[in-house]
>>> print(open('start25.cif').read())   # mmCIF, C-alpha atoms and all ligand atoms; chains and numbers go by the auth columns
data_data
loop_
_atom_site.group_PDB
_atom_site.id
_atom_site.type_symbol
_atom_site.label_atom_id
_atom_site.label_comp_id
_atom_site.label_asym_id
_atom_site.label_seq_id
_atom_site.Cartn_x
_atom_site.Cartn_y
_atom_site.Cartn_z
_atom_site.B_iso_or_equiv
_atom_site.auth_seq_id
_atom_site.auth_asym_id
ATOM 1 C CA MET A 1 -2.498 24.894 24.872 0.00 373 A
ATOM 2 C CA LYS A 2 -4.976 22.015 24.825 0.00 374 A
ATOM 3 C CA ILE A 3 -6.308 20.653 28.105 0.00 375 A
ATOM 4 C CA ILE A 4 -8.442 17.612 28.900 0.00 376 A
ATOM 5 C CA VAL A 5 -10.255 16.765 32.133 0.00 377 A
ATOM 6 C CA ILE A 6 -10.662 12.997 32.541 0.00 378 A
ATOM 7 C CA TYR A 7 -12.491 11.494 35.484 0.00 379 A
ATOM 8 C CA LEU A 8 -14.359 8.568 36.917 0.00 380 A
ATOM 9 C CA SER A 9 -17.372 9.065 39.156 0.00 381 A
ATOM 10 C CA LEU A 10 -19.766 6.514 40.609 0.00 382 A
ATOM 11 C CA THR A 11 -22.070 8.779 42.633 0.00 383 A
ATOM 12 C CA GLY A 12 -21.430 12.177 41.058 0.00 384 A
ATOM 13 C CA ASN A 13 -18.987 13.932 43.408 0.00 385 A
ATOM 14 C CA THR A 14 -15.881 13.590 41.251 0.00 386 A
ATOM 15 C CA LYS A 15 -17.992 14.506 38.221 0.00 387 A
ATOM 16 C CA LYS A 16 -19.068 17.704 39.974 0.00 388 A
ATOM 17 C CA LEU A 17 -15.436 18.597 40.674 0.00 389 A
ATOM 18 C CA ALA A 18 -14.397 17.695 37.113 0.00 390 A
ATOM 19 C CA VAL A 19 -17.149 19.884 35.651 0.00 391 A
ATOM 20 C CA LYS A 20 -16.145 22.745 37.956 0.00 392 A
ATOM 21 C CA ILE A 21 -12.529 22.537 36.766 0.00 393 A
ATOM 22 C CA TYR A 22 -13.747 22.356 33.160 0.00 394 A
ATOM 23 C CA GLU A 23 -16.100 25.350 33.510 0.00 395 A
ATOM 24 C CA THR A 24 -13.538 27.469 35.357 0.00 396 A
ATOM 25 C CA LEU A 25 -10.878 26.978 32.693 0.00 397 A
ATOM 26 C CA LYS A 26 -13.362 27.205 29.807 0.00 398 A
ATOM 27 C CA SER A 27 -14.454 30.624 31.101 0.00 399 A
ATOM 28 C CA LYS A 28 -10.826 31.727 30.763 0.00 400 A
ATOM 29 C CA ASN A 29 -10.905 30.689 27.110 0.00 401 A
ATOM 30 C CA TYR A 30 -8.699 27.640 27.423 0.00 402 A
ATOM 31 C CA ASP A 31 -9.137 24.992 24.743 0.00 403 A
ATOM 32 C CA ILE A 32 -10.498 22.297 27.052 0.00 404 A
ATOM 33 C CA SER A 33 -12.369 18.980 26.781 0.00 405 A
ATOM 34 C CA LEU A 34 -14.140 16.790 29.312 0.00 406 A
ATOM 35 C CA PHE A 35 -14.115 12.972 29.276 0.00 407 A
ATOM 36 C CA GLU A 36 -15.812 10.531 31.662 0.00 408 A
ATOM 37 C CA ILE A 37 -14.452 7.036 32.095 0.00 409 A
ATOM 38 C CA ALA A 38 -17.489 4.816 32.542 0.00 410 A
ATOM 39 C CA CYS A 39 -17.617 2.268 35.347 0.00 411 A
ATOM 40 C CA ASP A 40 -19.944 -0.631 36.020 0.00 412 A
ATOM 41 C CA LYS A 41 -22.612 1.042 38.179 0.00 413 A
ATOM 42 C CA LYS A 42 -24.291 -2.288 38.963 0.00 414 A
ATOM 43 C CA LYS A 43 -21.378 -3.623 41.003 0.00 415 A
ATOM 44 C CA SER A 44 -21.963 -3.765 44.754 0.00 416 A
ATOM 45 C CA PHE A 45 -20.019 -1.655 47.256 0.00 417 A
ATOM 46 C CA PHE A 46 -18.254 -4.796 48.485 0.00 418 A
ATOM 47 C CA ARG A 47 -17.344 -5.905 44.985 0.00 419 A
ATOM 48 C CA ASN A 48 -15.876 -2.467 44.263 0.00 420 A
ATOM 49 C CA CYS A 49 -13.899 -2.633 47.518 0.00 421 A
ATOM 50 C CA PHE A 50 -12.672 -6.138 46.687 0.00 422 A
ATOM 51 C CA ASP A 51 -11.654 -5.264 43.104 0.00 423 A
ATOM 52 C CA THR A 52 -9.836 -2.166 44.340 0.00 424 A
ATOM 53 C CA LEU A 53 -8.077 -3.770 47.273 0.00 425 A
ATOM 54 C CA PHE A 54 -6.848 -6.767 45.293 0.00 426 A
ATOM 55 C CA GLU A 55 -6.127 -4.693 42.183 0.00 427 A
ATOM 56 C CA LYS A 56 -8.423 -6.801 40.009 0.00 428 A
ATOM 57 C CA LYS A 57 -8.492 -6.100 36.304 0.00 429 A
ATOM 58 C CA VAL A 58 -11.580 -4.185 35.174 0.00 430 A
ATOM 59 C CA GLU A 59 -12.717 -3.231 31.704 0.00 431 A
ATOM 60 C CA ILE A 60 -12.829 0.344 30.453 0.00 432 A
ATOM 61 C CA GLU A 61 -14.677 1.123 27.262 0.00 433 A
ATOM 62 C CA LYS A 62 -12.705 3.854 25.589 0.00 434 A
ATOM 63 C CA VAL A 63 -9.419 5.661 26.082 0.00 435 A
ATOM 64 C CA PRO A 64 -9.203 9.130 24.484 0.00 436 A
ATOM 65 C CA ASN A 65 -6.268 9.967 22.235 0.00 437 A
ATOM 66 C CA LEU A 66 -4.094 12.201 24.377 0.00 438 A
ATOM 67 C CA SER A 67 -1.463 13.094 21.790 0.00 439 A
ATOM 68 C CA ASN A 68 -2.731 16.650 21.253 0.00 440 A
ATOM 69 C CA TYR A 69 -3.144 17.521 24.906 0.00 441 A
ATOM 70 C CA GLU A 70 -0.480 19.306 26.913 0.00 442 A
ATOM 71 C CA ILE A 71 -2.241 19.263 30.294 0.00 443 A
ATOM 72 C CA ILE A 72 -4.343 16.402 31.634 0.00 444 A
ATOM 73 C CA PHE A 73 -6.530 16.761 34.715 0.00 445 A
ATOM 74 C CA LEU A 74 -7.134 13.258 36.051 0.00 446 A
ATOM 75 C CA GLY A 75 -9.709 12.570 38.744 0.00 447 A
ATOM 76 C CA THR A 76 -10.968 9.650 40.802 0.00 448 A
ATOM 77 C CA PRO A 77 -12.825 8.945 44.012 0.00 449 A
ATOM 78 C CA VAL A 78 -10.866 7.267 46.820 0.00 450 A
ATOM 79 C CA TRP A 79 -11.908 3.648 47.288 0.00 451 A
ATOM 80 C CA VAL A 80 -10.558 1.682 50.271 0.00 452 A
ATOM 81 C CA GLY A 81 -7.591 4.012 50.493 0.00 453 A
ATOM 82 C CA LYS A 82 -6.696 3.556 46.835 0.00 454 A
ATOM 83 C CA ILE A 83 -7.520 4.928 43.423 0.00 455 A
ATOM 84 C CA THR A 84 -10.359 3.166 41.604 0.00 456 A
ATOM 85 C CA PRO A 85 -9.399 0.143 39.482 0.00 457 A
ATOM 86 C CA TYR A 86 -10.825 1.955 36.418 0.00 458 A
ATOM 87 C CA ILE A 87 -8.431 4.884 36.736 0.00 459 A
ATOM 88 C CA ARG A 88 -5.604 2.464 37.445 0.00 460 A
ATOM 89 C CA LYS A 89 -6.466 0.569 34.253 0.00 461 A
ATOM 90 C CA PHE A 90 -6.694 3.848 32.348 0.00 462 A
ATOM 91 C CA ILE A 91 -3.209 4.903 33.503 0.00 463 A
ATOM 92 C CA GLU A 92 -1.868 1.479 32.488 0.00 464 A
ATOM 93 C CA GLU A 93 -3.144 1.998 28.963 0.00 465 A
ATOM 94 C CA ILE A 94 -1.733 5.453 28.283 0.00 466 A
ATOM 95 C CA ASP A 95 1.646 7.047 27.747 0.00 467 A
ATOM 96 C CA LEU A 96 2.090 10.227 29.742 0.00 468 A
ATOM 97 C CA THR A 97 5.604 11.037 28.595 0.00 469 A
ATOM 98 C CA GLY A 98 5.988 14.811 28.421 0.00 470 A
ATOM 99 C CA LYS A 99 2.456 15.442 29.728 0.00 471 A
ATOM 100 C CA LYS A 100 1.676 17.769 32.591 0.00 472 A
ATOM 101 C CA VAL A 101 -0.810 16.086 34.898 0.00 473 A
ATOM 102 C CA PHE A 102 -3.016 17.634 37.592 0.00 474 A
ATOM 103 C CA LEU A 103 -4.486 15.065 39.987 0.00 475 A
ATOM 104 C CA PHE A 104 -7.800 15.410 41.792 0.00 476 A
ATOM 105 C CA THR A 105 -9.568 13.080 44.183 0.00 477 A
ATOM 106 C CA THR A 106 -12.783 13.159 46.168 0.00 478 A
ATOM 107 C CA TYR A 107 -13.266 11.204 49.380 0.00 479 A
ATOM 108 C CA GLY A 108 -15.815 10.438 52.093 0.00 480 A
ATOM 109 C CA SER A 109 -14.460 9.956 55.627 0.00 481 A
ATOM 110 C CA GLY A 110 -10.930 10.801 54.543 0.00 482 A
ATOM 111 C CA PHE A 111 -9.758 7.256 55.366 0.00 483 A
ATOM 112 C CA LEU A 112 -6.348 6.799 53.720 0.00 484 A
ATOM 113 C CA LYS A 113 -6.953 9.672 51.301 0.00 485 A
ATOM 114 C CA ASP A 114 -3.281 10.710 51.356 0.00 486 A
ATOM 115 C CA LYS A 115 -2.158 7.155 50.688 0.00 487 A
ATOM 116 C CA ALA A 116 -4.480 7.093 47.680 0.00 488 A
ATOM 117 C CA MET A 117 -3.082 10.395 46.403 0.00 489 A
ATOM 118 C CA ASN A 118 0.505 9.159 46.829 0.00 490 A
ATOM 119 C CA GLU A 119 -0.297 6.004 44.915 0.00 491 A
ATOM 120 C CA PHE A 120 -2.024 8.054 42.212 0.00 492 A
ATOM 121 C CA GLY A 121 1.067 10.254 41.818 0.00 493 A
ATOM 122 C CA LYS A 122 3.391 7.273 41.716 0.00 494 A
ATOM 123 C CA TYR A 123 1.443 5.559 38.907 0.00 495 A
ATOM 124 C CA VAL A 124 1.288 8.754 36.861 0.00 496 A
ATOM 125 C CA GLN A 125 5.016 9.403 37.271 0.00 497 A
ATOM 126 C CA GLU A 126 5.815 5.802 36.327 0.00 498 A
ATOM 127 C CA LYS A 127 4.057 6.473 33.008 0.00 499 A
ATOM 128 C CA GLY A 128 6.153 9.580 32.403 0.00 500 A
ATOM 129 C CA GLY A 129 3.709 12.246 33.612 0.00 501 A
ATOM 130 C CA LYS A 130 4.901 15.403 35.362 0.00 502 A
ATOM 131 C CA ILE A 131 2.632 16.304 38.273 0.00 503 A
ATOM 132 C CA ILE A 132 1.772 19.995 38.252 0.00 504 A
ATOM 133 C CA GLY A 133 -0.848 20.066 40.977 0.00 505 A
ATOM 134 C CA LYS A 134 -3.117 18.064 43.269 0.00 506 A
ATOM 135 C CA ILE A 135 -6.479 18.660 44.937 0.00 507 A
ATOM 136 C CA GLN A 136 -8.239 16.404 47.418 0.00 508 A
ATOM 137 C CA ILE A 137 -11.799 17.454 48.263 0.00 509 A
ATOM 138 C CA LYS A 138 -14.401 15.867 50.517 0.00 510 A
ATOM 139 C CA GLY A 139 -17.191 14.749 48.204 0.00 511 A
ATOM 140 C CA LYS A 140 -19.915 16.614 50.064 0.00 512 A
ATOM 141 C CA LYS A 141 -17.910 19.859 50.277 0.00 513 A
ATOM 142 C CA ILE A 142 -17.214 20.604 46.628 0.00 514 A
ATOM 143 C CA ASP A 143 -19.560 23.613 46.545 0.00 515 A
ATOM 144 C CA GLU A 144 -17.933 25.096 49.667 0.00 516 A
ATOM 145 C CA LYS A 145 -14.458 24.653 48.210 0.00 517 A
ATOM 146 C CA ILE A 146 -15.044 26.382 44.891 0.00 518 A
ATOM 147 C CA GLU A 147 -12.792 29.313 45.774 0.00 519 A
ATOM 148 C CA GLU A 148 -9.996 26.939 46.827 0.00 520 A
ATOM 149 C CA ILE A 149 -10.359 25.088 43.529 0.00 521 A
ATOM 150 C CA LYS A 150 -10.243 28.353 41.550 0.00 522 A
ATOM 151 C CA LYS A 151 -7.167 29.521 43.492 0.00 523 A
ATOM 152 C CA CYS A 152 -5.426 26.264 42.747 0.00 524 A
ATOM 153 C CA LEU A 153 -6.186 26.623 39.031 0.00 525 A
ATOM 154 C CA LYS A 154 -5.048 30.245 39.050 0.00 526 A
ATOM 155 C CA GLU A 155 -1.653 29.148 40.370 0.00 527 A
ATOM 156 C CA LEU A 156 -1.099 26.883 37.370 0.00 528 A
HETATM 157 C C1 LIG B . -16.322 1.299 47.106 0.00 601 B
HETATM 158 C C2 LIG B . -16.078 2.584 47.860 0.00 601 B
HETATM 159 C C3 LIG B . -15.002 2.679 48.725 0.00 601 B
HETATM 160 C C4 LIG B . -14.735 3.891 49.388 0.00 601 B
HETATM 161 N N1 LIG B . -13.616 3.986 50.175 0.00 601 B
HETATM 162 C C5 LIG B . -13.303 5.180 50.739 0.00 601 B
HETATM 163 C C6 LIG B . -12.092 5.331 51.514 0.00 601 B
HETATM 164 O O1 LIG B . -11.302 4.392 51.686 0.00 601 B
HETATM 165 N N2 LIG B . -11.822 6.547 52.043 0.00 601 B
HETATM 166 C C7 LIG B . -12.673 7.617 51.898 0.00 601 B
HETATM 167 O O2 LIG B . -12.381 8.691 52.424 0.00 601 B
HETATM 168 N N3 LIG B . -13.816 7.509 51.169 0.00 601 B
HETATM 169 C C8 LIG B . -14.141 6.327 50.584 0.00 601 B
HETATM 170 N N4 LIG B . -15.286 6.220 49.823 0.00 601 B
HETATM 171 C C9 LIG B . -16.136 7.425 49.621 0.00 601 B
HETATM 172 C C10 LIG B . -15.869 8.075 48.262 0.00 601 B
HETATM 173 O O3 LIG B . -14.475 8.284 48.054 0.00 601 B
HETATM 174 C C11 LIG B . -16.552 9.452 48.165 0.00 601 B
HETATM 175 O O4 LIG B . -17.915 9.336 48.451 0.00 601 B
HETATM 176 C C12 LIG B . -16.343 10.054 46.799 0.00 601 B
HETATM 177 O O5 LIG B . -16.588 11.437 46.843 0.00 601 B
HETATM 178 C C13 LIG B . -17.235 9.411 45.767 0.00 601 B
HETATM 179 O O6 LIG B . -16.987 9.985 44.518 0.00 601 B
HETATM 180 P P1 LIG B . -18.042 9.833 43.313 0.00 601 B
HETATM 181 O O7 LIG B . -19.348 10.419 43.792 0.00 601 B
HETATM 182 O O8 LIG B . -17.442 10.606 42.193 0.00 601 B
HETATM 183 O O9 LIG B . -18.178 8.371 43.011 0.00 601 B
HETATM 184 C C14 LIG B . -15.589 5.023 49.187 0.00 601 B
HETATM 185 C C15 LIG B . -16.699 4.872 48.341 0.00 601 B
HETATM 186 C C16 LIG B . -16.945 3.682 47.689 0.00 601 B
HETATM 187 C C17 LIG B . -18.143 3.565 46.761 0.00 601 B
#
>>> encode(input="start25.cif", output="structure tokens", more="lines below")
Ligand SMILES: Cc1cc2nc3c(=O)[nH]c(=O)nc-3n(C[C@H](O)[C@H](O)[C@H](O)COP(=O)(O)O)c2cc1C
Amino acid sequence: MKIIVIYLSLTGNTKKLAVKIYETLKSKNYDISLFEIACDKKKSFFRNCFDTLFEKKVEIEKVPNLSNYEIIFLGTPVWVGKITPYIRKFIEEIDLTGKKVFLFTTYGSGFLKDKAMNEFGKYVQEKGGKIIGKIQIKGKKIDEKIEEIKKCLKEL
């Protein structure tokens, strides 16, 4: 069973969670890959909020070929109560028919984090993905939540 962990991270929190998922499953001998979707790190906070809120089109460099993967872990930070425009664009470009998808988000204050997760799930399902799990973790608390993350992966 081939697994891929795909994520976007501006300040490192979602990356930390993605790497933790990757390392946990790798240690159990799963055939797993890790892929970061790059974002424009020079954009201002307000520009990122604006692009997210008004669902502006953004560019993403590369989309991995998902045909060989059975399970996709897909992760994004929460921006203004939504998923990042980069992950949105990524989902638009892929076909998730028959794929099992595990969603993960990181957030700051928690403002509209559930709304973001609901939106995330809706987009993935619209592209044919079957949601097999979800984790939402406060960006600063990833280290404290390692056991919760491992438990969640164990239940897969
Ligand atoms: C543009 C922007 C908008 C954000 N909006 C929210 C928000 O609406 N709700 C929230 O809880 N956190 C919000 N945050 C905080 C991030 O979700 C949080 O810091 C996250 O862990 C960052 O992930 P990263 O380090 O992988 O980029 C926002 C951060 C940025 C940069």
>>> resolve_selection(input="start25.cif", expression="the PyMOL selection byres (((not hetatm)) within 8 of (chain B and resi 601))", output="PyMOL selection string")
chain A and resi 380-388+416-421+424+448-454+477-485+509-512
>>> write_last_selection(input="start25.cif", atoms="C-alpha atoms", output="PDB file, in the frame of the given file")
ATOM      1  CA  LEU A 380     -14.359   8.568  36.917  1.00  0.00           C
ATOM      2  CA  SER A 381     -17.372   9.065  39.156  1.00  0.00           C
ATOM      3  CA  LEU A 382     -19.766   6.514  40.609  1.00  0.00           C
ATOM      4  CA  THR A 383     -22.070   8.779  42.633  1.00  0.00           C
ATOM      5  CA  GLY A 384     -21.430  12.177  41.058  1.00  0.00           C
ATOM      6  CA  ASN A 385     -18.987  13.932  43.408  1.00  0.00           C
ATOM      7  CA  THR A 386     -15.881  13.590  41.251  1.00  0.00           C
ATOM      8  CA  LYS A 387     -17.992  14.506  38.221  1.00  0.00           C
ATOM      9  CA  LYS A 388     -19.068  17.704  39.974  1.00  0.00           C
ATOM     10  CA  SER A 416     -21.963  -3.765  44.754  1.00  0.00           C
ATOM     11  CA  PHE A 417     -20.019  -1.655  47.256  1.00  0.00           C
ATOM     12  CA  PHE A 418     -18.254  -4.796  48.485  1.00  0.00           C
ATOM     13  CA  ARG A 419     -17.344  -5.905  44.985  1.00  0.00           C
ATOM     14  CA  ASN A 420     -15.876  -2.467  44.263  1.00  0.00           C
ATOM     15  CA  CYS A 421     -13.899  -2.633  47.518  1.00  0.00           C
ATOM     16  CA  THR A 424      -9.836  -2.166  44.340  1.00  0.00           C
ATOM     17  CA  THR A 448     -10.968   9.650  40.802  1.00  0.00           C
ATOM     18  CA  PRO A 449     -12.825   8.945  44.012  1.00  0.00           C
ATOM     19  CA  VAL A 450     -10.866   7.267  46.820  1.00  0.00           C
ATOM     20  CA  TRP A 451     -11.908   3.648  47.288  1.00  0.00           C
ATOM     21  CA  VAL A 452     -10.558   1.682  50.271  1.00  0.00           C
ATOM     22  CA  GLY A 453      -7.591   4.012  50.493  1.00  0.00           C
ATOM     23  CA  LYS A 454      -6.696   3.556  46.835  1.00  0.00           C
ATOM     24  CA  THR A 477      -9.568  13.080  44.183  1.00  0.00           C
ATOM     25  CA  THR A 478     -12.783  13.159  46.168  1.00  0.00           C
ATOM     26  CA  TYR A 479     -13.266  11.204  49.380  1.00  0.00           C
ATOM     27  CA  GLY A 480     -15.815  10.438  52.093  1.00  0.00           C
ATOM     28  CA  SER A 481     -14.460   9.956  55.627  1.00  0.00           C
ATOM     29  CA  GLY A 482     -10.930  10.801  54.543  1.00  0.00           C
ATOM     30  CA  PHE A 483      -9.758   7.256  55.366  1.00  0.00           C
ATOM     31  CA  LEU A 484      -6.348   6.799  53.720  1.00  0.00           C
ATOM     32  CA  LYS A 485      -6.953   9.672  51.301  1.00  0.00           C
ATOM     33  CA  ILE A 509     -11.799  17.454  48.263  1.00  0.00           C
ATOM     34  CA  LYS A 510     -14.401  15.867  50.517  1.00  0.00           C
ATOM     35  CA  GLY A 511     -17.191  14.749  48.204  1.00  0.00           C
ATOM     36  CA  LYS A 512     -19.915  16.614  50.064  1.00  0.00           C
TER      37      LYS A 512
END
>>> atom_distance(input="start25.cif", atom1="CA of Arg460 (chain A)", atom2="CA of Ile393 (chain A)")
21.2 Å
>>> closest_residue(input="start25.cif", among="A:Leu425, A:Val473, A:Ile455, A:Ile514", to="Ile375 (chain A)", atoms="all atoms listed in the file")
A:Val473
>>> resolve_selection(input="start25.cif", expression="the PyMOL selection byres (((chain A and resi 407) around 7) and not hetatm)", output="VMD selection string")
chain A and resid 377 to 379 405 to 406 408 to 409
>>> resolve_selection(input="start25.cif", expression="the PyMOL selection byres (((chain A and resi 440) around 12) and not hetatm)", output="compact mmCIF listing (two decimals) with C-alpha atoms, in the frame of the given file")
# COMPACT_ATOMS: atom_id res chain seq x y z
CA MET A 373 -2.50 24.89 24.87
CA LYS A 374 -4.98 22.02 24.82
CA ILE A 375 -6.31 20.65 28.10
CA ILE A 376 -8.44 17.61 28.90
CA ASP A 403 -9.14 24.99 24.74
CA ILE A 404 -10.50 22.30 27.05
CA SER A 405 -12.37 18.98 26.78
CA PRO A 436 -9.20 9.13 24.48
CA ASN A 437 -6.27 9.97 22.24
CA LEU A 438 -4.09 12.20 24.38
CA SER A 439 -1.46 13.09 21.79
CA TYR A 441 -3.14 17.52 24.91
CA GLU A 442 -0.48 19.31 26.91
CA ILE A 443 -2.24 19.26 30.29
CA ILE A 444 -4.34 16.40 31.63
CA LEU A 468 2.09 10.23 29.74
CA GLY A 470 5.99 14.81 28.42
CA LYS A 471 2.46 15.44 29.73
>>> build_atoms(input="start25.cif", residues="region 509-525 of chain A", atoms="N, CA and C atoms", output="CSV table (one decimal), in the frame of the given file")
chain,number,residue,atom,x,y,z
A,509,ILE,N,-10.6,16.8,47.7
A,509,ILE,CA,-11.8,17.5,48.3
A,509,ILE,C,-12.8,16.4,48.8
A,510,LYS,N,-13.3,16.7,50.0
A,510,LYS,CA,-14.4,15.9,50.5
A,510,LYS,C,-15.6,15.9,49.6
A,511,GLY,N,-16.1,14.8,49.2
A,511,GLY,CA,-17.2,14.7,48.2
A,511,GLY,C,-18.3,15.7,48.5
A,512,LYS,N,-18.7,15.8,49.7
A,512,LYS,CA,-19.9,16.6,50.1
A,512,LYS,C,-19.6,18.1,50.1
A,513,LYS,N,-18.3,18.5,50.0
A,513,LYS,CA,-17.9,19.9,50.3
A,513,LYS,C,-17.5,20.6,49.0
A,514,ILE,N,-17.7,20.0,47.9
A,514,ILE,CA,-17.2,20.6,46.6
A,514,ILE,C,-17.7,22.0,46.5
A,515,ASP,N,-19.0,22.3,46.7
A,515,ASP,CA,-19.6,23.6,46.5
A,515,ASP,C,-18.9,24.6,47.5
A,516,GLU,N,-18.6,24.2,48.7
A,516,GLU,CA,-17.9,25.1,49.7
A,516,GLU,C,-16.5,25.4,49.3
A,517,LYS,N,-15.9,24.5,48.5
A,517,LYS,CA,-14.5,24.7,48.2
A,517,LYS,C,-14.2,25.3,46.9
A,518,ILE,N,-15.2,25.8,46.2
A,518,ILE,CA,-15.0,26.4,44.9
A,518,ILE,C,-13.9,27.4,44.8
A,519,GLU,N,-13.8,28.3,45.8
A,519,GLU,CA,-12.8,29.3,45.8
A,519,GLU,C,-11.4,28.7,45.9
A,520,GLU,N,-11.3,27.6,46.7
A,520,GLU,CA,-10.0,26.9,46.8
A,520,GLU,C,-9.6,26.3,45.5
A,521,ILE,N,-10.6,25.7,44.8
A,521,ILE,CA,-10.4,25.1,43.5
A,521,ILE,C,-9.9,26.1,42.5
A,522,LYS,N,-10.6,27.3,42.5
A,522,LYS,CA,-10.2,28.4,41.6
A,522,LYS,C,-8.8,28.9,41.8
A,523,LYS,N,-8.5,29.0,43.1
A,523,LYS,CA,-7.2,29.5,43.5
A,523,LYS,C,-6.1,28.6,43.0
A,524,CYS,N,-6.4,27.3,43.2
A,524,CYS,CA,-5.4,26.3,42.7
A,524,CYS,C,-5.2,26.3,41.2
A,525,LEU,N,-6.3,26.6,40.5
A,525,LEU,CA,-6.2,26.6,39.0
A,525,LEU,C,-5.5,27.9,38.6
